[in-house]
>>> print(open('target.txt').read())   # compact mmCIF, C-alpha atoms
# COMPACT_ATOMS: atom_id res chain seq x y z
CA MET A 138 -39.95 49.57 -84.12
CA THR A 139 -37.18 52.15 -84.20
CA ILE A 140 -33.40 51.70 -83.95
CA LEU A 141 -31.62 54.43 -81.98
CA VAL A 142 -28.07 55.30 -83.07
CA THR A 143 -25.76 57.22 -80.74
CA GLY A 144 -22.53 58.78 -82.00
CA ALA A 145 -24.33 59.16 -85.29
CA THR A 146 -22.22 61.98 -86.77
CA GLY A 147 -18.88 60.29 -86.09
CA ARG A 148 -16.64 58.16 -88.28
CA VAL A 149 -18.52 54.93 -87.56
CA GLY A 150 -21.97 56.19 -86.62
CA ARG A 151 -22.68 58.02 -89.87
CA HIS A 152 -21.92 54.85 -91.84
CA VAL A 153 -24.16 52.84 -89.48
CA VAL A 154 -27.05 55.19 -90.21
CA ASP A 155 -26.48 54.94 -93.97
CA GLN A 156 -26.33 51.15 -93.80
CA LEU A 157 -29.53 50.96 -91.76
CA ILE A 158 -31.39 53.27 -94.16
CA ALA A 159 -30.22 51.11 -97.07
CA ARG A 160 -31.85 48.17 -95.25
CA ASN A 161 -35.16 50.03 -94.81
CA ALA A 162 -34.88 50.41 -91.04
CA ASP A 163 -36.66 53.07 -89.02
CA VAL A 164 -33.79 55.13 -87.59
CA ARG A 165 -33.54 57.76 -84.90
CA VAL A 166 -30.28 59.51 -84.01
CA LEU A 167 -29.14 61.25 -80.84
CA VAL A 168 -26.78 64.12 -81.72
CA ARG A 169 -25.26 67.07 -79.92
CA ASP A 170 -25.49 69.34 -82.97
CA PRO A 171 -28.40 68.75 -85.40
CA ALA A 172 -26.63 70.96 -87.95
CA LYS A 173 -24.13 68.13 -88.42
CA ALA A 174 -26.83 65.50 -88.90
CA HIS A 175 -26.71 65.28 -92.70
CA PHE A 176 -28.95 62.25 -93.07
CA ALA A 177 -31.88 61.21 -95.23
CA SER A 178 -35.12 63.06 -94.51
CA ASN A 179 -36.70 59.96 -92.94
CA VAL A 180 -34.08 59.84 -90.15
CA GLU A 181 -35.51 61.25 -86.93
CA VAL A 182 -33.11 63.57 -85.07
CA VAL A 183 -33.11 64.12 -81.30
CA GLN A 184 -30.77 66.77 -79.93
CA GLY A 185 -28.87 65.89 -76.77
CA ASP A 186 -26.06 63.75 -75.39
CA LEU A 187 -25.61 60.69 -73.22
CA LEU A 188 -25.70 62.74 -70.01
CA ASP A 189 -28.87 64.62 -70.94
CA ILE A 190 -31.55 62.60 -69.11
CA ASP A 191 -34.54 64.38 -70.68
CA ALA A 192 -33.11 64.00 -74.19
CA LEU A 193 -32.34 60.33 -73.55
CA ARG A 194 -35.88 59.63 -72.38
CA THR A 195 -37.23 61.33 -75.50
CA ALA A 196 -34.80 59.45 -77.74
CA PHE A 197 -35.63 56.05 -76.22
CA ASN A 198 -39.41 56.45 -76.51
CA GLY A 199 -40.64 53.77 -78.94
CA VAL A 200 -37.16 52.29 -79.49
CA ARG A 201 -36.61 48.53 -79.65
CA THR A 202 -32.88 48.37 -80.43
CA LEU A 203 -29.88 50.55 -79.48
CA PHE A 204 -26.52 51.15 -81.12
CA LEU A 205 -24.36 52.42 -78.28
CA LEU A 206 -21.12 54.19 -79.12
CA ASN A 207 -19.20 56.06 -76.42
CA ALA A 208 -16.40 58.25 -77.67
CA VAL A 209 -13.20 58.44 -75.62
CA ALA A 210 -13.88 61.06 -72.94
CA GLY A 211 -13.15 61.70 -69.30
CA ASP A 212 -16.74 60.81 -68.38
CA GLU A 213 -17.12 57.94 -70.84
CA PHE A 214 -18.11 55.35 -68.23
CA THR A 215 -20.73 57.63 -66.70
CA GLN A 216 -22.21 58.10 -70.18
CA ALA A 217 -22.44 54.33 -70.65
CA ILE A 218 -24.00 53.76 -67.22
CA ILE A 219 -26.62 56.47 -67.74
CA ALA A 220 -27.48 55.35 -71.28
CA LEU A 221 -27.94 51.71 -70.28
CA ASN A 222 -30.05 52.60 -67.25
CA ILE A 223 -32.34 54.81 -69.32
CA ALA A 224 -32.50 52.07 -71.97
CA ARG A 225 -33.62 49.56 -69.36
CA GLU A 226 -36.13 52.08 -67.98
CA ALA A 227 -37.56 52.34 -71.51
CA ARG A 228 -37.71 48.51 -71.75
CA VAL A 229 -35.09 48.36 -74.50
CA GLU A 230 -33.51 44.89 -74.40
CA ARG A 231 -31.57 44.70 -77.69
CA VAL A 232 -28.20 46.39 -78.02
CA VAL A 233 -25.21 46.50 -80.34
CA TYR A 234 -22.30 47.96 -78.38
CA LEU A 235 -19.07 49.25 -79.88
CA SER A 236 -16.33 48.08 -77.52
CA VAL A 237 -12.65 47.53 -78.37
CA PHE A 238 -10.40 44.59 -79.22
CA ASP A 239 -9.02 42.83 -76.13
CA ALA A 240 -11.14 45.00 -73.82
CA ASP A 241 -10.88 42.34 -71.13
CA ARG A 242 -7.08 42.17 -71.27
CA ALA A 243 -5.77 45.71 -71.83
CA VAL A 244 -7.40 47.06 -68.68
CA ASN A 245 -4.58 49.49 -67.88
CA VAL A 246 -5.74 51.58 -70.88
CA PRO A 247 -8.61 53.72 -69.57
CA HIS A 248 -11.03 53.45 -72.50
CA PHE A 249 -10.42 49.70 -72.77
CA ALA A 250 -11.27 49.33 -69.07
CA VAL A 251 -14.38 51.48 -69.53
CA LYS A 252 -15.61 49.40 -72.43
CA PHE A 253 -15.01 46.15 -70.58
CA GLY A 254 -17.00 47.60 -67.69
CA ALA A 255 -19.85 48.41 -70.06
CA GLU A 256 -19.69 44.87 -71.47
CA ARG A 257 -20.12 43.51 -67.95
CA MET A 258 -23.02 45.90 -67.35
CA LEU A 259 -24.79 44.65 -70.46
CA GLU A 260 -24.53 41.12 -69.16
CA ALA A 261 -25.49 41.91 -65.56
CA MET A 262 -28.48 44.04 -66.61
CA GLY A 263 -29.90 41.30 -68.84
CA PHE A 264 -29.58 42.90 -72.27
CA GLY A 265 -29.35 40.77 -75.39
CA ALA A 266 -26.27 42.33 -76.96
CA THR A 267 -23.80 42.00 -79.75
CA ILE A 268 -20.44 43.21 -78.45
CA LEU A 269 -18.34 44.51 -81.33
CA ARG A 270 -14.62 44.61 -80.54
CA PRO A 271 -12.81 46.53 -83.28
CA ALA A 272 -9.05 46.64 -83.63
CA TYR A 273 -7.23 49.90 -84.44
CA PHE A 274 -9.16 51.99 -86.99
CA MET A 275 -7.43 52.51 -90.33
CA ASP A 276 -9.14 55.90 -90.39
CA ASN A 277 -7.01 57.03 -87.44
CA GLU A 278 -4.17 57.37 -89.92
CA VAL A 279 -5.68 60.60 -91.25
CA MET A 280 -4.42 62.17 -88.01
CA ILE A 281 -0.80 61.29 -88.87
CA ARG A 282 -1.03 61.84 -92.62
CA ASP A 283 1.11 65.00 -92.63
CA VAL A 284 3.96 63.24 -90.82
CA ILE A 285 3.88 60.38 -93.32
CA PHE A 286 3.52 62.56 -96.40
CA ASN A 287 5.79 65.48 -95.48
CA HIS A 288 8.44 63.84 -93.32
CA GLY A 289 8.59 60.28 -94.66
CA VAL A 290 8.02 58.72 -91.23
CA TYR A 291 5.30 56.34 -90.10
CA PRO A 292 5.11 57.57 -86.48
CA MET A 293 2.58 55.30 -84.77
CA PRO A 294 4.34 52.84 -82.39
CA ILE A 295 2.80 49.61 -83.72
CA GLY A 296 5.62 47.18 -82.98
CA SER A 297 6.33 43.79 -84.49
CA LYS A 298 3.57 41.60 -82.99
CA GLY A 299 1.08 42.90 -85.54
CA VAL A 300 -2.18 44.86 -85.54
CA ALA A 301 -5.10 43.85 -87.78
CA MET A 302 -6.32 47.36 -88.59
CA VAL A 303 -9.98 47.62 -89.59
CA ASP A 304 -11.88 50.01 -91.85
CA ALA A 305 -14.71 52.04 -90.28
CA ARG A 306 -16.98 51.07 -93.17
CA ASP A 307 -16.61 47.39 -92.29
CA ILE A 308 -17.27 48.12 -88.63
CA ALA A 309 -20.44 50.04 -89.52
CA GLU A 310 -21.80 47.46 -91.91
CA VAL A 311 -21.37 44.62 -89.41
CA ALA A 312 -23.03 46.83 -86.79
CA ALA A 313 -25.99 47.51 -89.09
CA ILE A 314 -26.39 43.82 -89.94
CA GLU A 315 -26.40 42.95 -86.24
CA LEU A 316 -28.83 45.75 -85.41
CA ILE A 317 -31.26 44.55 -88.07
CA ARG A 318 -30.88 40.92 -86.97
CA ARG A 319 -31.64 41.74 -83.35
CA ASP A 320 -34.37 44.27 -84.11
CA ARG A 321 -36.34 41.94 -86.38
CA ALA A 322 -35.99 38.80 -84.26
CA ALA A 323 -39.22 37.55 -82.70
CA GLU A 324 -37.54 37.37 -79.29
CA LYS A 325 -34.41 38.70 -77.61
CA ILE A 326 -31.32 36.90 -78.95
CA PRO A 327 -28.56 35.66 -76.60
CA SER A 328 -25.49 37.87 -76.36
CA GLU A 329 -22.33 37.29 -78.39
CA THR A 330 -18.99 38.97 -79.10
CA ILE A 331 -17.50 39.65 -82.55
CA ASN A 332 -13.90 40.72 -83.12
CA LEU A 333 -13.70 43.32 -85.90
CA VAL A 334 -10.39 43.12 -87.72
CA GLY A 335 -8.88 43.78 -91.11
CA PRO A 336 -7.66 41.11 -93.51
CA ASP A 337 -3.96 41.70 -92.76
CA THR A 338 -2.00 41.78 -89.50
CA LEU A 339 0.45 44.64 -89.94
CA THR A 340 3.71 45.57 -88.21
CA GLY A 341 5.30 49.01 -87.94
CA ALA A 342 7.92 48.13 -90.55
CA GLY A 343 5.25 46.61 -92.80
CA LEU A 344 3.14 49.76 -92.61
CA ALA A 345 6.11 51.91 -93.58
CA ALA A 346 6.68 49.65 -96.59
CA ILE A 347 3.04 50.01 -97.66
CA TRP A 348 3.32 53.80 -97.48
CA SER A 349 6.61 53.74 -99.41
CA GLU A 350 4.82 51.89 -102.19
CA ALA A 351 1.73 54.12 -102.09
CA LEU A 352 3.73 57.37 -102.21
CA GLY A 353 6.52 56.18 -104.48
CA ARG A 354 9.22 57.31 -102.06
CA SER A 355 10.86 56.06 -98.90
CA VAL A 356 8.88 56.04 -95.65
CA VAL A 357 10.58 54.71 -92.54
CA TYR A 358 9.10 53.36 -89.32
CA GLY A 359 9.54 55.73 -86.38
CA GLY A 360 10.15 52.93 -83.89
CA ASP A 361 8.51 51.37 -80.88
CA ASP A 362 9.24 54.06 -78.25
CA PRO A 363 5.95 55.88 -77.52
CA SER A 364 7.55 58.91 -75.82
CA SER A 365 7.82 61.13 -78.90
CA PHE A 366 4.40 59.98 -80.09
CA GLU A 367 2.82 61.08 -76.81
CA HIS A 368 4.67 64.42 -76.94
CA ASN A 369 3.55 65.13 -80.51
CA ILE A 370 -0.12 64.31 -80.12
CA ALA A 371 -0.32 66.27 -76.85
CA SER A 372 -0.24 69.35 -79.07
CA ILE A 373 -3.57 68.43 -80.67
CA MET A 374 -5.48 66.81 -77.77
CA PRO A 375 -5.66 67.03 -73.97
CA LYS A 376 -2.59 65.69 -72.21
CA TRP A 377 -4.57 63.02 -70.36
CA MET A 378 -5.82 61.72 -73.70
CA ALA A 379 -2.33 61.81 -75.23
CA TYR A 380 -1.11 59.75 -72.28
CA GLU A 381 -3.98 57.31 -72.79
CA MET A 382 -2.99 56.97 -76.46
CA ARG A 383 0.56 56.25 -75.30
CA LEU A 384 -0.70 53.46 -73.05
CA MET A 385 -2.65 52.04 -75.97
CA ALA A 386 0.44 52.16 -78.20
CA GLU A 387 2.43 50.33 -75.53
CA ARG A 388 -0.14 47.52 -75.74
CA TYR A 389 0.31 47.38 -79.50
CA VAL A 390 4.04 46.91 -79.01
CA SER A 391 3.78 44.38 -76.18
CA ASP A 392 0.79 42.33 -77.38
CA GLY A 393 -0.36 43.53 -80.79
CA MET A 394 -3.95 43.14 -81.92
CA VAL A 395 -3.79 39.74 -83.54
CA PRO A 396 -7.02 38.12 -84.77
CA GLN A 397 -8.19 34.84 -83.34
CA THR A 398 -8.54 31.87 -85.64
CA GLY A 399 -11.61 32.33 -87.81
CA ASP A 400 -12.15 36.07 -87.17
CA VAL A 401 -11.50 37.16 -90.76
CA GLU A 402 -13.54 34.31 -92.20
CA ARG A 403 -16.46 35.09 -89.89
CA LEU A 404 -16.53 38.74 -90.91
CA THR A 405 -16.26 37.87 -94.60
CA GLN A 406 -19.24 35.57 -94.19
CA ILE A 407 -21.30 38.19 -92.33
CA LEU A 408 -20.56 40.85 -94.96
CA GLY A 409 -20.72 38.59 -97.99
CA ARG A 410 -17.63 40.29 -99.41
CA PRO A 411 -13.91 40.74 -98.69
CA LEU A 412 -12.82 43.14 -95.97
CA HIS A 413 -11.29 46.48 -96.93
CA SER A 414 -7.50 46.25 -96.81
CA TYR A 415 -4.99 48.73 -95.41
CA ARG A 416 -3.18 48.80 -98.75
CA GLN A 417 -6.39 49.98 -100.42
CA PHE A 418 -6.86 52.63 -97.72
CA ALA A 419 -3.29 53.91 -98.11
CA SER A 420 -3.59 54.09 -101.89
CA GLN A 421 -6.82 56.08 -101.64
CA LEU A 422 -5.40 58.48 -99.07
CA ALA A 423 -2.23 58.98 -101.12
CA ALA A 424 -4.30 59.67 -104.24
CA SER A 425 -6.25 62.37 -102.41
CA ALA A 426 -3.13 64.27 -101.37
>>> encode(input="target.txt", output="structure tokens")
Amino acid sequence: MTILVTGATGRVGRHVVDQLIARNADVRVLVRDPAKAHFASNVEVVQGDLLDIDALRTAFNGVRTLFLLNAVAGDEFTQAIIALNIAREARVERVVYLSVFDADRAVNVPHFAVKFGAERMLEAMGFGATILRPAYFMDNEVMIRDVIFNHGVYPMPIGSKGVAMVDARDIAEVAAIELIRRDRAAEKIPSETINLVGPDTLTGAGLAAIWSEALGRSVVYGGDDPSSFEHNIASIMPKWMAYEMRLMAERYVSDGMVPQTGDVERLTQILGRPLHSYRQFASQLAASA
């Protein structure tokens, strides 16, 4: 049977596809723009999006297992509702869903609330699902690279509670392992939740120190106040989204994203290798400058 991957050309989805192909899975992808679907020739491509009912019905035909990724968008919850209803219509019962760390607690942040709503839908609709709850993506730092490199400031309001940033490659590999496990099981497997974290819980000051070391010059932490952060990113994204990012940053400062006991060990066991570290990420990004 086929595994359907949504969000397949994004930062996580493209790695999920590669990991599935490496494990000899039959893969189909749903993409808005097939020209961006640079995958192996045996990957089946369906053009459409999560609000395109005809495309969804085509994409779900013959599928046993779904990787559902909803990007942050104004209609994100509608996308999730439609996708899960069409999945159930197609008798798909096995899902790996990309949620977010502390989705059930940070419900004042719109995309956290959406993802918690989708988690509840998966349960209520009877899917057998692995809920993946990633912490802040290390890869997000590419967006603030120029500020770090050219101005010597780490600008993301992370605070002092700590955030266990995770690499997209680790997220994708765990997702692929779970997709294969569910797809090849004789029967539907009970649902479970996995926190996806990095090996280190990092503070704003600690991140500035890592960048100082990686660049060989001083980088300072910009502080916990999210006002300037919101103002700056509003120049590169819609204002509603910049405000949402501010709300998310406020949660970092007030609560952090601190792993539960055993999270790192569980992921290391699933992957059979150490997790990618932020220090490695920073060194690689600095070397590419």
>>> closest_residue(input="target.txt", among="A:Val237, A:Leu203, A:Val251, A:Gly353", to="Thr215 of chain A", atoms="all atoms listed in the file")
A:Val251
>>> residues_near_point(input="target.txt", point="(-13.0, 38.4, -93.1)", cutoff="12 Å", atoms="all atoms listed in the file", output="NGL selection string")
:A and (301 or 303-304 or 307-308 or 311 or 331-337 or 396-414)
>>> axis_aligned_box(input="target.txt", around="segment 259-266 of chain A", padding_each_side="8 Å", output="JSON")
{"center_x": -27.2, "center_y": 42.7, "center_z": -71.3, "size_x": 21.4, "size_y": 19.9, "size_z": 27.4}
>>> closest_residue(input="target.txt", among="A:Gly343, A:Gly254, A:Gly144, A:Gly263", to="Ala224 of chain A", atoms="only C-alpha atoms")
A:Gly263
>>> atom_distance(input="target.txt", atom1="atom CA of Gln156 of chain A", atom2="atom CA of Ser178 of chain A")
14.8 Å
>>> closest_residue(input="target.txt", among="A:Ala351, A:Glu260, A:Ser365, A:Phe197", to="Ile285 of chain A", atoms="all atoms listed in the file")
A:Ala351
>>> residues_around(input="target.txt", residues="Gly289 of chain A", least_positions_apart="5", cutoff="7 Å", atoms="all atoms listed in the file", output="list in words")
Val284, Ser355, Val356 and Val357 of chain A
>>> atom_distance(input="target.txt", atom1="atom CA of Asn222 of chain A", atom2="atom CA of Ile317 of chain A")
22.4 Å
>>> closest_atom_pairs(input="target.txt", of="segment 267-326 of chain A", to="segment 358-364 of chain A", cutoff="7 Å", atoms="all atoms listed in the file", output="JSON lines")
{"residue": "A:Val290", "atom": "CA", "partner": "A:Tyr358", "partner_atom": "CA", "distance": 5.8}
{"residue": "A:Tyr291", "atom": "CA", "partner": "A:Tyr358", "partner_atom": "CA", "distance": 4.9}
{"residue": "A:Pro292", "atom": "CA", "partner": "A:Gly359", "partner_atom": "CA", "distance": 4.8}
{"residue": "A:Pro294", "atom": "CA", "partner": "A:Asp361", "partner_atom": "CA", "distance": 4.7}
{"residue": "A:Ile295", "atom": "CA", "partner": "A:Asp361", "partner_atom": "CA", "distance": 6.6}
{"residue": "A:Gly296", "atom": "CA", "partner": "A:Asp361", "partner_atom": "CA", "distance": 5.5}
>>> build_atoms(input="target.txt", residues="segment 255-266 of chain A", atoms="all heavy atoms", output="compact mmCIF listing (two decimals), in the frame of the given file")
# COMPACT_ATOMS: atom_id res chain seq x y z
N ALA A 255 -18.55 48.33 -69.41
CA ALA A 255 -19.85 48.41 -70.06
C ALA A 255 -20.30 47.03 -70.56
O ALA A 255 -21.49 46.70 -70.49
CB ALA A 255 -19.80 49.40 -71.22
N GLU A 256 -19.35 46.23 -71.06
CA GLU A 256 -19.69 44.87 -71.47
C GLU A 256 -20.27 44.08 -70.29
O GLU A 256 -21.26 43.36 -70.42
CB GLU A 256 -18.45 44.14 -72.00
CG GLU A 256 -17.94 44.65 -73.33
CD GLU A 256 -16.77 43.82 -73.83
OE1 GLU A 256 -16.55 42.71 -73.30
OE2 GLU A 256 -16.07 44.26 -74.76
N ARG A 257 -19.65 44.22 -69.14
CA ARG A 257 -20.12 43.51 -67.95
C ARG A 257 -21.48 44.03 -67.50
O ARG A 257 -22.33 43.27 -67.03
CB ARG A 257 -19.10 43.65 -66.82
CG ARG A 257 -17.77 42.95 -67.13
CD ARG A 257 -16.72 43.25 -66.09
NE ARG A 257 -17.09 42.69 -64.79
CZ ARG A 257 -16.40 42.92 -63.67
NH1 ARG A 257 -15.32 43.70 -63.70
NH2 ARG A 257 -16.79 42.38 -62.53
N MET A 258 -21.71 45.33 -67.67
CA MET A 258 -23.02 45.90 -67.35
C MET A 258 -24.10 45.32 -68.24
O MET A 258 -25.20 44.99 -67.78
CB MET A 258 -23.00 47.42 -67.51
CG MET A 258 -22.32 48.17 -66.40
SD MET A 258 -22.45 49.95 -66.69
CE MET A 258 -24.22 50.17 -66.72
N LEU A 259 -23.82 45.21 -69.52
CA LEU A 259 -24.79 44.65 -70.46
C LEU A 259 -25.21 43.25 -70.04
O LEU A 259 -26.39 42.88 -70.09
CB LEU A 259 -24.20 44.63 -71.87
CG LEU A 259 -24.12 45.98 -72.58
CD1 LEU A 259 -23.14 45.92 -73.74
CD2 LEU A 259 -25.52 46.40 -73.08
N GLU A 260 -24.23 42.47 -69.60
CA GLU A 260 -24.53 41.12 -69.16
C GLU A 260 -25.32 41.13 -67.86
O GLU A 260 -26.36 40.46 -67.72
CB GLU A 260 -23.22 40.34 -68.96
CG GLU A 260 -23.42 38.91 -68.47
CD GLU A 260 -22.11 38.18 -68.24
OE1 GLU A 260 -21.03 38.79 -68.41
OE2 GLU A 260 -22.17 37.00 -67.87
N ALA A 261 -24.86 41.91 -66.88
CA ALA A 261 -25.49 41.91 -65.56
C ALA A 261 -26.91 42.47 -65.60
O ALA A 261 -27.77 42.07 -64.80
CB ALA A 261 -24.64 42.72 -64.59
N MET A 262 -27.17 43.40 -66.53
CA MET A 262 -28.48 44.04 -66.61
C MET A 262 -29.46 43.28 -67.50
O MET A 262 -30.61 43.70 -67.67
CB MET A 262 -28.32 45.49 -67.08
CG MET A 262 -27.54 46.36 -66.10
SD MET A 262 -27.18 48.02 -66.74
CE MET A 262 -28.78 48.81 -66.61
N GLY A 263 -29.00 42.18 -68.10
CA GLY A 263 -29.90 41.30 -68.84
C GLY A 263 -30.20 41.70 -70.27
O GLY A 263 -31.18 41.21 -70.86
N PHE A 264 -29.37 42.56 -70.87
CA PHE A 264 -29.58 42.90 -72.27
C PHE A 264 -29.18 41.74 -73.17
O PHE A 264 -28.27 40.96 -72.84
CB PHE A 264 -28.74 44.13 -72.65
CG PHE A 264 -29.21 45.41 -72.05
CD1 PHE A 264 -28.62 45.91 -70.89
CD2 PHE A 264 -30.22 46.15 -72.64
CE1 PHE A 264 -29.05 47.11 -70.32
CE2 PHE A 264 -30.65 47.35 -72.09
CZ PHE A 264 -30.06 47.82 -70.92
N GLY A 265 -29.83 41.63 -74.31
CA GLY A 265 -29.35 40.77 -75.39
C GLY A 265 -28.48 41.62 -76.29
O GLY A 265 -28.99 42.53 -76.96
N ALA A 266 -27.19 41.38 -76.31
CA ALA A 266 -26.27 42.33 -76.96
C ALA A 266 -25.29 41.64 -77.88
O ALA A 266 -24.83 40.53 -77.62
CB ALA A 266 -25.50 43.12 -75.91
